[in-house]
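S.K.: Provided below: protein_6.cif, containing mmCIF, C-alpha atoms and all ligand atoms.
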data_entry
loop_
_atom_site.label_atom_id
_atom_site.label_comp_id
_atom_site.auth_asym_id
_atom_site.auth_seq_id
_atom_site.Cartn_x
_atom_site.Cartn_y
_atom_site.Cartn_z
CA LYS A 1 5.46 8.35 42.01
CA ILE A 2 7.98 9.12 39.26
CA LEU A 3 11.65 8.08 39.07
CA ILE A 4 14.04 9.80 36.66
CA ILE A 5 17.22 7.80 36.01
CA GLY A 6 19.97 10.06 34.65
CA ALA A 7 18.40 13.16 36.26
CA CYS A 8 21.69 15.11 36.18
CA GLY A 9 22.02 14.99 32.38
CA GLN A 10 21.10 17.53 29.70
CA ILE A 11 17.49 16.35 29.21
CA GLY A 12 17.10 14.52 32.53
CA SER A 13 17.77 17.65 34.57
CA GLU A 14 15.18 19.76 32.77
CA LEU A 15 12.67 16.89 32.80
CA THR A 16 13.18 16.61 36.58
CA THR A 17 12.52 20.32 37.11
CA LYS A 18 9.40 20.19 34.95
CA LEU A 19 8.02 17.02 36.57
CA ARG A 20 8.66 18.42 40.06
CA SER A 21 6.64 21.52 39.14
CA LEU A 22 3.84 19.45 37.58
CA HIS A 23 3.51 16.70 40.21
CA GLY A 24 5.04 18.19 43.37
CA ASP A 25 8.57 17.56 44.70
CA GLU A 26 7.39 14.73 46.96
CA ASN A 27 6.17 12.72 43.95
CA VAL A 28 9.35 12.93 41.86
CA ILE A 29 12.52 11.00 42.71
CA ALA A 30 15.61 12.22 40.81
CA SER A 31 18.52 9.79 40.52
CA ASP A 32 21.91 9.52 38.88
CA ILE A 33 25.24 7.72 39.25
CA SER A 34 26.76 10.72 41.05
CA TYR A 35 25.94 14.15 42.48
CA ASN A 36 27.07 16.04 39.41
CA ASN A 37 24.23 18.55 39.19
CA LEU A 38 23.70 20.28 42.53
CA ASP A 39 20.60 22.18 41.37
CA ILE A 40 18.93 18.79 40.84
CA VAL A 41 20.44 17.12 43.93
CA ASN A 42 19.35 19.97 46.21
CA GLY A 43 16.08 20.76 44.39
CA GLY A 44 14.06 17.82 45.75
CA ILE A 45 14.36 14.08 46.52
CA PHE A 46 17.60 12.67 45.08
CA GLU A 47 19.04 9.13 45.19
CA ILE A 48 22.22 7.55 43.82
CA VAL A 49 21.08 4.81 41.40
CA ASP A 50 23.37 2.80 39.12
CA ALA A 51 21.35 2.35 35.89
CA GLN A 52 23.43 -0.74 35.06
CA ASP A 53 22.51 -2.48 38.33
CA TYR A 54 19.02 -4.05 38.48
CA ALA A 55 19.03 -4.25 42.28
CA SER A 56 20.01 -0.58 42.58
CA ILE A 57 16.99 0.48 40.50
CA LYS A 58 14.63 -2.02 42.17
CA VAL A 59 15.55 -0.84 45.70
CA CYS A 60 14.67 2.74 44.73
CA VAL A 61 11.43 1.67 42.99
CA GLU A 62 10.29 -0.20 46.12
CA LYS A 63 11.50 2.45 48.60
CA TYR A 64 9.36 5.15 46.96
CA ASN A 65 6.58 3.03 45.43
CA ILE A 66 7.48 4.22 41.90
CA ASP A 67 5.02 3.55 39.08
CA THR A 68 6.59 5.59 36.25
CA VAL A 69 10.26 5.61 35.13
CA TYR A 70 11.95 8.07 32.75
CA LEU A 71 15.21 6.37 31.69
CA MET A 72 17.41 9.30 30.62
CA ALA A 73 20.85 7.77 31.32
CA ALA A 74 22.92 6.96 28.21
CA MET A 75 26.30 7.46 26.59
CA LEU A 76 25.85 9.69 23.52
CA SER A 77 27.22 9.41 19.96
CA ALA A 78 30.63 11.05 20.15
CA THR A 79 31.68 9.53 23.50
CA GLY A 80 30.22 6.20 22.42
CA GLU A 81 32.68 6.05 19.52
CA LYS A 82 35.54 6.39 22.01
CA TYR A 83 34.21 3.68 24.36
CA PRO A 84 32.01 1.37 22.21
CA MET A 85 31.56 -1.50 24.69
CA LYS A 86 30.85 0.90 27.58
CA ALA A 87 28.20 2.62 25.47
CA TRP A 88 26.66 -0.76 24.56
CA ASP A 89 26.68 -1.98 28.18
CA LEU A 90 25.27 1.22 29.70
CA ASN A 91 22.62 1.92 27.04
CA MET A 92 21.37 -1.68 26.81
CA SER A 93 21.60 -3.00 30.39
CA SER A 94 19.75 0.03 31.75
CA LEU A 95 16.93 -0.47 29.22
CA PHE A 96 16.59 -4.21 29.97
CA HIS A 97 16.47 -3.54 33.73
CA VAL A 98 13.63 -1.04 33.39
CA LEU A 99 11.71 -3.15 30.85
CA ASN A 100 12.02 -6.20 33.12
CA LEU A 101 10.83 -4.23 36.15
CA ALA A 102 7.71 -3.38 34.13
CA ARG A 103 7.32 -6.97 32.90
CA ALA A 104 7.45 -8.11 36.55
CA LYS A 105 4.77 -5.47 37.31
CA PHE A 106 6.98 -3.46 39.72
CA ILE A 107 6.35 -0.35 37.59
CA LYS A 108 3.53 0.61 35.20
CA LYS A 109 4.91 3.07 32.63
CA ILE A 110 8.27 3.86 30.99
CA PHE A 111 9.68 6.70 28.91
CA TRP A 112 12.82 5.78 26.96
CA PRO A 113 14.52 8.22 24.54
CA SER A 114 15.57 7.14 21.09
CA SER A 115 17.30 9.44 18.60
CA ILE A 116 17.71 10.43 14.97
CA ALA A 117 20.95 8.49 15.43
CA VAL A 118 18.96 5.31 14.60
CA PHE A 119 19.18 6.43 10.96
CA GLY A 120 22.32 5.81 8.90
CA PRO A 121 23.97 6.81 5.60
CA THR A 122 21.56 4.62 3.55
CA THR A 123 18.49 6.31 5.08
CA PRO A 124 16.76 8.97 2.91
CA THR A 125 18.13 12.24 4.33
CA GLU A 126 15.29 14.59 3.34
CA PHE A 127 12.00 14.42 5.27
CA THR A 128 13.09 11.07 6.69
CA PRO A 129 10.02 8.83 7.12
CA GLN A 130 8.95 6.95 10.27
CA TYR A 131 9.45 3.59 8.53
CA THR A 132 12.62 3.39 6.43
CA VAL A 133 16.04 1.82 6.03
CA MET A 134 18.02 2.14 9.26
CA GLU A 135 21.72 1.16 9.18
CA PRO A 136 23.24 3.29 11.97
CA THR A 137 27.02 3.55 11.88
CA THR A 138 27.55 4.68 15.49
CA VAL A 139 27.42 2.42 18.55
CA TYR A 140 25.01 4.92 20.10
CA GLY A 141 22.74 4.64 17.03
CA ILE A 142 22.93 0.82 17.15
CA THR A 143 21.86 0.84 20.82
CA LYS A 144 18.92 3.11 19.98
CA GLN A 145 17.86 0.99 16.98
CA VAL A 146 17.98 -2.29 18.91
CA GLY A 147 16.48 -0.59 21.97
CA GLU A 148 13.47 0.39 19.87
CA ARG A 149 13.07 -3.25 18.74
CA TRP A 150 13.07 -4.39 22.41
CA CYS A 151 10.58 -1.70 23.49
CA GLU A 152 8.14 -2.79 20.79
CA TYR A 153 8.74 -6.50 21.67
CA TYR A 154 8.06 -5.95 25.40
CA HIS A 155 4.94 -3.95 24.56
CA ASN A 156 3.54 -6.56 22.21
CA LYS A 157 4.59 -9.64 24.20
CA TYR A 158 4.30 -8.48 27.85
CA GLU A 159 1.97 -5.47 27.50
CA VAL A 160 4.66 -3.14 28.88
CA ASP A 161 3.52 0.49 28.49
CA VAL A 162 6.82 1.91 27.18
CA ARG A 163 6.78 5.12 25.11
CA SER A 164 9.63 6.61 23.10
CA LEU A 165 10.68 9.59 20.96
CA ARG A 166 13.49 9.84 18.39
CA TYR A 167 14.92 13.13 19.72
CA PRO A 168 16.80 15.38 17.28
CA GLY A 169 19.73 17.44 18.55
CA ILE A 170 18.56 19.27 21.68
CA ILE A 171 19.63 22.85 22.45
CA SER A 172 19.58 24.13 26.03
CA TRP A 173 21.56 26.48 28.28
CA LYS A 174 21.21 25.04 31.80
CA THR A 175 23.81 22.25 31.43
CA LEU A 176 27.08 22.06 29.51
CA PRO A 177 27.11 19.72 26.47
CA GLY A 178 27.76 16.03 27.22
CA GLY A 179 29.46 14.08 24.45
CA GLY A 180 26.98 14.55 21.60
CA THR A 181 27.64 15.44 17.97
CA THR A 182 24.88 18.06 17.90
CA ASP A 183 26.54 19.74 20.90
CA TYR A 184 28.19 22.25 18.56
CA ALA A 185 24.78 23.98 18.54
CA VAL A 186 25.05 24.44 22.32
CA GLU A 187 28.76 25.25 22.55
CA ILE A 188 28.47 27.96 19.88
CA TYR A 189 26.25 30.12 22.11
CA HIS A 190 28.58 29.80 25.12
CA GLU A 191 31.58 30.74 22.95
CA ALA A 192 29.70 33.60 21.28
CA ILE A 193 28.97 35.16 24.68
CA LYS A 194 32.43 34.47 26.15
CA ASN A 195 34.74 35.05 23.17
CA LYS A 196 32.62 36.24 20.19
CA PHE A 197 34.40 33.38 18.38
CA TYR A 198 33.67 29.68 17.79
CA ASN A 199 35.81 26.99 16.19
CA CYS A 200 33.12 24.65 14.85
CA PHE A 201 33.85 20.89 14.64
CA LEU A 202 31.35 20.44 11.77
CA LYS A 203 31.42 21.84 8.21
CA GLU A 204 29.36 24.98 7.60
CA ASP A 205 26.78 23.23 5.42
CA THR A 206 26.06 20.29 7.78
CA GLU A 207 22.27 20.41 8.09
CA LEU A 208 20.90 18.52 11.13
CA PRO A 209 17.48 18.18 12.81
CA MET A 210 17.38 20.26 16.01
CA MET A 211 14.93 21.26 18.74
CA TYR A 212 14.87 23.64 21.71
CA MET A 213 14.76 21.93 25.11
CA ASP A 214 11.33 23.35 25.99
CA ASP A 215 9.88 21.71 22.88
CA ALA A 216 11.57 18.38 23.70
CA ILE A 217 10.24 18.48 27.28
CA LYS A 218 6.73 19.31 26.02
CA ALA A 219 6.82 16.37 23.59
CA THR A 220 7.97 14.04 26.38
CA ILE A 221 5.23 15.16 28.78
CA ASP A 222 2.64 15.00 25.97
CA ILE A 223 3.42 11.44 24.86
CA MET A 224 3.45 10.25 28.48
CA LYS A 225 0.04 11.73 29.24
CA ALA A 226 -1.53 10.53 25.96
CA LYS A 227 -4.10 7.73 26.15
CA SER A 228 -2.32 4.39 25.70
CA SER A 229 -4.51 3.65 22.67
CA ASP A 230 -3.30 6.89 21.01
CA VAL A 231 0.35 5.80 21.30
CA LYS A 232 0.12 3.54 18.27
CA ILE A 233 3.87 3.34 17.56
CA ARG A 234 5.70 1.45 20.29
CA SER A 235 9.18 1.38 18.77
CA SER A 236 9.80 5.16 18.80
CA TYR A 237 8.19 8.21 17.18
CA ASN A 238 9.99 10.46 14.71
CA LEU A 239 9.99 13.92 16.31
CA SER A 240 10.88 17.13 14.50
CA ALA A 241 11.01 20.87 15.00
CA ILE A 242 13.59 22.69 12.84
CA SER A 243 16.77 21.92 10.89
CA PHE A 244 19.73 24.19 10.33
CA THR A 245 23.42 24.31 9.41
CA PRO A 246 26.32 25.78 11.43
CA LYS A 247 26.36 28.66 8.92
CA GLU A 248 22.70 29.43 9.59
CA ILE A 249 23.03 29.35 13.39
CA ALA A 250 26.13 31.60 13.09
CA GLU A 251 24.08 34.08 11.00
CA SER A 252 21.31 34.08 13.60
CA ILE A 253 23.90 34.86 16.30
CA LYS A 254 25.48 37.66 14.23
CA ALA A 255 22.08 39.39 14.16
CA HIS A 256 22.61 39.92 17.92
CA ILE A 257 26.44 39.95 18.14
CA PRO A 258 27.55 41.59 14.86
CA ASP A 259 31.27 40.95 15.37
CA PHE A 260 30.82 37.23 16.19
CA LYS A 261 33.29 35.16 14.13
CA ILE A 262 33.18 31.43 13.28
CA GLN A 263 35.69 29.10 11.66
CA TYR A 264 35.22 25.46 10.67
CA GLU A 265 37.60 22.66 11.63
CA PRO A 266 35.72 19.36 11.09
CA ASP A 267 36.85 16.46 13.29
CA TYR A 268 35.72 12.81 13.76
CA ARG A 269 32.23 14.03 14.59
CA GLN A 270 31.76 15.13 10.95
CA ASP A 271 31.51 11.45 9.92
CA ILE A 272 28.81 10.92 12.56
CA ALA A 273 26.86 13.98 11.41
CA ASN A 274 27.18 12.91 7.77
CA SER A 275 25.44 9.63 8.61
CA TRP A 276 22.33 11.36 9.98
CA PRO A 277 19.31 12.89 8.16
CA LYS A 278 18.94 16.57 7.29
CA ASN A 279 15.29 16.78 8.34
CA ILE A 280 12.58 14.47 9.66
CA ASN A 281 8.95 13.67 8.82
CA ASP A 282 7.12 13.49 12.16
CA SER A 283 3.55 13.37 10.78
CA PHE A 284 2.59 10.34 12.96
CA ALA A 285 3.43 12.20 16.19
CA ARG A 286 1.40 15.19 14.98
CA GLU A 287 -1.49 12.92 14.02
CA HIS A 288 -1.56 10.40 16.91
CA TRP A 289 -1.03 12.66 19.95
CA LYS A 290 -1.19 16.23 18.55
CA TRP A 291 2.52 17.06 18.68
CA LYS A 292 3.62 20.46 17.39
CA HIS A 293 6.80 22.41 18.03
CA LYS A 294 7.04 26.10 19.00
CA PHE A 295 10.65 27.36 18.87
CA THR A 296 12.16 28.71 15.65
CA LEU A 297 15.92 29.22 15.25
CA ASP A 298 15.62 32.98 15.90
CA ALA A 299 13.58 32.34 19.06
CA ILE A 300 16.21 29.81 20.25
CA THR A 301 19.08 32.22 19.59
CA LYS A 302 17.32 35.08 21.40
CA GLU A 303 16.58 32.85 24.44
CA MET A 304 20.04 31.22 24.53
CA LEU A 305 21.96 34.51 24.30
CA MET A 306 19.71 36.17 26.89
CA GLN A 307 20.03 33.31 29.40
CA LEU A 308 23.77 32.75 28.86
CA GLY A 309 24.39 36.50 28.91
CA LYS A 310 22.90 36.56 32.42
CA LYS A 311 24.73 33.36 33.45
CA TYR A 312 28.18 34.64 32.42
CA VAL A 313 27.73 38.21 33.58
CA ASN A 314 27.31 36.87 37.15
CA VAL A 315 30.57 34.92 36.95
C1 LIG A 401 24.12 13.22 20.13
N1 LIG A 401 22.68 14.90 21.16
O1 LIG A 401 24.61 14.12 19.48
C2 LIG A 401 22.78 13.49 20.82
C3 LIG A 401 21.64 13.15 19.91
C4 LIG A 401 20.71 13.35 17.62
C5 LIG A 401 21.85 13.68 18.50
O2 LIG A 401 21.38 11.79 19.90
O3 LIG A 401 24.63 12.14 20.23
#
Translate the structure of the given file into structure tokens.
Ligand code: VAH
M.R.:
Amino acid sequence: KILIIGACGQIGSELTTKLRSLHGDENVIASDISYNNLDIVNGGIFEIVDAQDYASIKVCVEKYNIDTVYLMAAMLSATGEKYPMKAWDLNMSSLFHVLNLARAKFIKKIFWPSSIAVFGPTTPTEFTPQYTVMEPTTVYGITKQVGERWCEYYHNKYEVDVRSLRYPGIISWKTLPGGGTTDYAVEIYHEAIKNKFYNCFLKEDTELPMMYMDDAIKATIDIMKAKSSDVKIRSSYNLSAISFTPKEIAESIKAHIPDFKIQYEPDYRQDIANSWPKNINDSFAREHWKWKHKFTLDAITKEMLMQLGKKYVNV
């Protein structure tokens, strides 16, 4: 049985839907700290679990005889800079609880998301390699860097089968953005549909690694079903699809909404974005477990505008 912690979040919610369709509703337990995504809460088995409370997770694991945990609860980069110690506590305590459940043999397999946020301003920004200098300047990035070290340590020392991906910015339409720096690439589509105007909090030439949600979900399912011996990197895999700038995503929107207008008013999130790479070398993921992405920027824009057009027209 599978437990998703943080099932109401941007990735957690779509992972839950996918896993329910793959394994059957009765084999997937969705959980979060509150009922803040009714599609998820009402779509199958749902439990309130506090990711920072070991007993809360353990009770759920034993109640449903869980063997696989997807730990998708975290505080992201932008919010983490507002509440540094909360971000540290949430992101680290939740990881230790799940790793220790596996060490104690209560569960067998873990997925834990890392991020391109592990890289910092001293990391090579073009085609960023798997192994390189990593001096993250956000609390979120620090938690992901040290989290990767602990995942690899628990794998090597206690044979914990934990698998991880360094997600780029993820674009999706089903949930509203939640405190990330790459969220401009989600907000822009909502604003384009609603107002044909977007005030972008990053500069027009800020190139960042991005990926459509369907690609991110496929990568997550693929690494979790790979043979353990094929998952050779147990810190976290670089994962890449496309990279673009706010100017480029605005152009791709204008191809569908000709009178869409954008202006740029960088805020504190520009410093975060400036510390991250422009594009990522994910050759190990492609080599070890056959990763490859599908969605181009034009395909993302077409899908996002079509889905959000439907969503808002029903309002
Ligand atoms: C954030 N969406 O912006 C997340 C992600 C690479 C970005 O980690 O914080």
S.K.: Would you kindly return, as a PDB file with C-alpha atoms, keeping the file's coordinate frame, each protein, DNA or RNA residue with an atom no farther than 8 Å from any atom of His190 (chain A), considering all atoms listed in the file and excluding same-chain residues fewer than 4 positions away?
M.R.:
ATOM      1  CA  VAL A 186      25.050  24.440  22.320  1.00  0.00           C
ATOM      2  CA  LYS A 194      32.430  34.470  26.150  1.00  0.00           C
ATOM      3  CA  LEU A 308      23.770  32.750  28.860  1.00  0.00           C
TER       4      LEU A 308
END
S.K.: Have a look at A:Lys58, A:Arg103, A:Met75, A:Asp32 and name the one nearest to Tyr153 (chain A); count only C-alpha atoms.
M.R.: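 Comparing A:Lys58, A:Arg103, A:Met75, A:Asp32 against Tyr153 (chain A), the winner is A:Arg103.
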S.K.: How would you write, as a ChimeraX atom specification, the set of residues no farther than 10 Å from ligand LIG 401 (chain A) when counting all atoms listed in the file?
M.R.: /A:10-11,74-80,113-119,138,140-141,144,166-171,177-186,208-211,269,272-273,276-277
S.K.: For a quick check of your reading of the model, name the residues lying within 12 Å of the coordinate (20.0, 10.6, 48.3), counting all atoms listed in the file, and write them as a ChimeraX atom specification.
M.R.: /A:29-35,38,40-49,60,63
S.K.: How close does region 148-237 of chain A get to region 251-262 of chain A? List, as JSON lines, each residue of region 148-237 of chain A within 7 Å, its nearest atom pair and the distance in Å to one decimal, counting all atoms listed in the file.
M.R.:
{"residue": "A:Ala192", "atom": "CA", "partner": "A:Phe260", "partner_atom": "CA", "distance": 6.4}
{"residue": "A:Lys196", "atom": "CA", "partner": "A:Phe260", "partner_atom": "CA", "distance": 4.5}
{"residue": "A:Phe197", "atom": "CA", "partner": "A:Lys261", "partner_atom": "CA", "distance": 4.7}
{"residue": "A:Tyr198", "atom": "CA", "partner": "A:Ile262", "partner_atom": "CA", "distance": 4.9}
{"residue": "A:Asn199", "atom": "CA", "partner": "A:Ile262", "partner_atom": "CA", "distance": 5.9}
{"residue": "A:Cys200", "atom": "CA", "partner": "A:Ile262", "partner_atom": "CA", "distance": 7.0}
S.K.: One number please: CA of Ser236 (chain A) to CA of Arg163 (chain A), in Å, one decimal.
M.R.: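 Computing the Euclidean distance for CA of Ser236 (chain A) and CA of Arg163 (chain A) yields 7.0 Å.
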S.K.: Counting all atoms listed in the file, figure out which residue out of A:Lys108, A:Ala226, A:Glu207, A:Lys247 gets nearest to Glu126 (chain A).
M.R.: A:Glu207
S.K.: Using Å and a single decimal, report how far CA of Ala216 (chain A) sits from CA of Ile57 (chain A).
M.R.: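 Value for the CA of Ile57 (chain A)-CA of Ala216 (chain A) distance: 25.1 Å.
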S.K.: Can you work out which one of A:Val28, A:Ala51, A:Leu15, A:Asn238 has the shortest atom-to-atom distance to Thr132 (chain A), counting all atoms listed in the file?
M.R.: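 Among the listed residues, the smallest separation from Thr132 (chain A) belongs to A:Asn238.
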S.K.: Between CA of Thr301 (chain A) and CA of Ser243 (chain A), what is the distance in Å, rounded to a tenth?
M.R.: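 Interatomic distance, CA of Thr301 (chain A) to CA of Ser243 (chain A): 13.7 Å.
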S.K.: Between A:Phe244, A:Ile2, A:Lys82, A:Leu90, which is the closest to Tyr54 (chain A) once you count all atoms listed in the file?
M.R.: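 Using all atoms listed in the file, Tyr54 (chain A) sits closest to A:Leu90.
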S.K.: What lies within 10 Å of Pro129 (chain A) using only C-alpha atoms, ignoring chain neighbours under 6 positions off, as an NGL selection string?
M.R.: :A and (123 or 238 or 279-284)
S.K.: Closest to Leu202 (chain A) among A:Trp289, A:Asp271, A:Ser228, A:Thr296, using all atoms listed in the file?
M.R.: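 Going through A:Trp289, A:Asp271, A:Ser228, A:Thr296 one by one, the smallest distance to Leu202 (chain A) is for A:Asp271.
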S.K.: Since the input is missing atoms, can you rebuild N, CA, C and O atoms for region 64-77 of chain A and write them as a PDB file, in the coordinates of the input?
M.R.:
ATOM      1  N   TYR A  64      10.256   3.999  47.186  1.00  0.00           N
ATOM      2  CA  TYR A  64       9.360   5.150  46.960  1.00  0.00           C
ATOM      3  C   TYR A  64       8.047   4.782  46.287  1.00  0.00           C
ATOM      4  O   TYR A  64       7.282   5.651  45.915  1.00  0.00           O
ATOM      5  N   ASN A  65       7.838   3.455  46.058  1.00  0.00           N
ATOM      6  CA  ASN A  65       6.580   3.030  45.430  1.00  0.00           C
ATOM      7  C   ASN A  65       6.395   3.698  44.057  1.00  0.00           C
ATOM      8  O   ASN A  65       5.381   4.327  43.756  1.00  0.00           O
ATOM      9  N   ILE A  66       7.448   3.594  43.234  1.00  0.00           N
ATOM     10  CA  ILE A  66       7.480   4.220  41.900  1.00  0.00           C
ATOM     11  C   ILE A  66       6.536   3.480  40.947  1.00  0.00           C
ATOM     12  O   ILE A  66       6.512   2.248  40.946  1.00  0.00           O
ATOM     13  N   ASP A  67       5.793   4.245  40.110  1.00  0.00           N
ATOM     14  CA  ASP A  67       5.020   3.550  39.080  1.00  0.00           C
ATOM     15  C   ASP A  67       5.435   3.986  37.671  1.00  0.00           C
ATOM     16  O   ASP A  67       5.131   3.300  36.688  1.00  0.00           O
ATOM     17  N   THR A  68       6.177   5.101  37.576  1.00  0.00           N
ATOM     18  CA  THR A  68       6.590   5.590  36.250  1.00  0.00           C
ATOM     19  C   THR A  68       8.084   5.891  36.247  1.00  0.00           C
ATOM     20  O   THR A  68       8.585   6.548  37.165  1.00  0.00           O
ATOM     21  N   VAL A  69       8.806   5.381  35.228  1.00  0.00           N
ATOM     22  CA  VAL A  69      10.260   5.610  35.130  1.00  0.00           C
ATOM     23  C   VAL A  69      10.593   6.317  33.819  1.00  0.00           C
ATOM     24  O   VAL A  69      10.138   5.906  32.738  1.00  0.00           O
ATOM     25  N   TYR A  70      11.374   7.414  33.928  1.00  0.00           N
ATOM     26  CA  TYR A  70      11.950   8.070  32.750  1.00  0.00           C
ATOM     27  C   TYR A  70      13.414   7.662  32.734  1.00  0.00           C
ATOM     28  O   TYR A  70      14.180   8.057  33.620  1.00  0.00           O
ATOM     29  N   LEU A  71      13.828   6.862  31.746  1.00  0.00           N
ATOM     30  CA  LEU A  71      15.210   6.370  31.690  1.00  0.00           C
ATOM     31  C   LEU A  71      16.036   7.286  30.784  1.00  0.00           C
ATOM     32  O   LEU A  71      16.092   7.127  29.573  1.00  0.00           O
ATOM     33  N   MET A  72      16.706   8.273  31.404  1.00  0.00           N
ATOM     34  CA  MET A  72      17.410   9.300  30.620  1.00  0.00           C
ATOM     35  C   MET A  72      18.932   9.120  30.673  1.00  0.00           C
ATOM     36  O   MET A  72      19.666   9.990  30.209  1.00  0.00           O
ATOM     37  N   ALA A  73      19.391   8.007  31.243  1.00  0.00           N
ATOM     38  CA  ALA A  73      20.850   7.770  31.320  1.00  0.00           C
ATOM     39  C   ALA A  73      21.306   7.101  30.027  1.00  0.00           C
ATOM     40  O   ALA A  73      20.687   6.130  29.574  1.00  0.00           O
ATOM     41  N   ALA A  74      22.354   7.608  29.399  1.00  0.00           N
ATOM     42  CA  ALA A  74      22.920   6.960  28.210  1.00  0.00           C
ATOM     43  C   ALA A  74      24.274   7.595  27.900  1.00  0.00           C
ATOM     44  O   ALA A  74      24.566   8.705  28.338  1.00  0.00           O
ATOM     45  N   MET A  75      25.075   6.872  27.118  1.00  0.00           N
ATOM     46  CA  MET A  75      26.300   7.460  26.590  1.00  0.00           C
ATOM     47  C   MET A  75      25.983   7.888  25.147  1.00  0.00           C
ATOM     48  O   MET A  75      25.438   7.097  24.388  1.00  0.00           O
ATOM     49  N   LEU A  76      26.279   9.141  24.805  1.00  0.00           N
ATOM     50  CA  LEU A  76      25.850   9.690  23.520  1.00  0.00           C
ATOM     51  C   LEU A  76      26.825   9.339  22.388  1.00  0.00           C
ATOM     52  O   LEU A  76      27.818   8.648  22.598  1.00  0.00           O
ATOM     53  N   SER A  77      26.544   9.866  21.194  1.00  0.00           N
ATOM     54  CA  SER A  77      27.220   9.410  19.960  1.00  0.00           C
ATOM     55  C   SER A  77      28.724   9.585  19.957  1.00  0.00           C
ATOM     56  O   SER A  77      29.461   8.631  19.699  1.00  0.00           O
TER      57      SER A  77
END
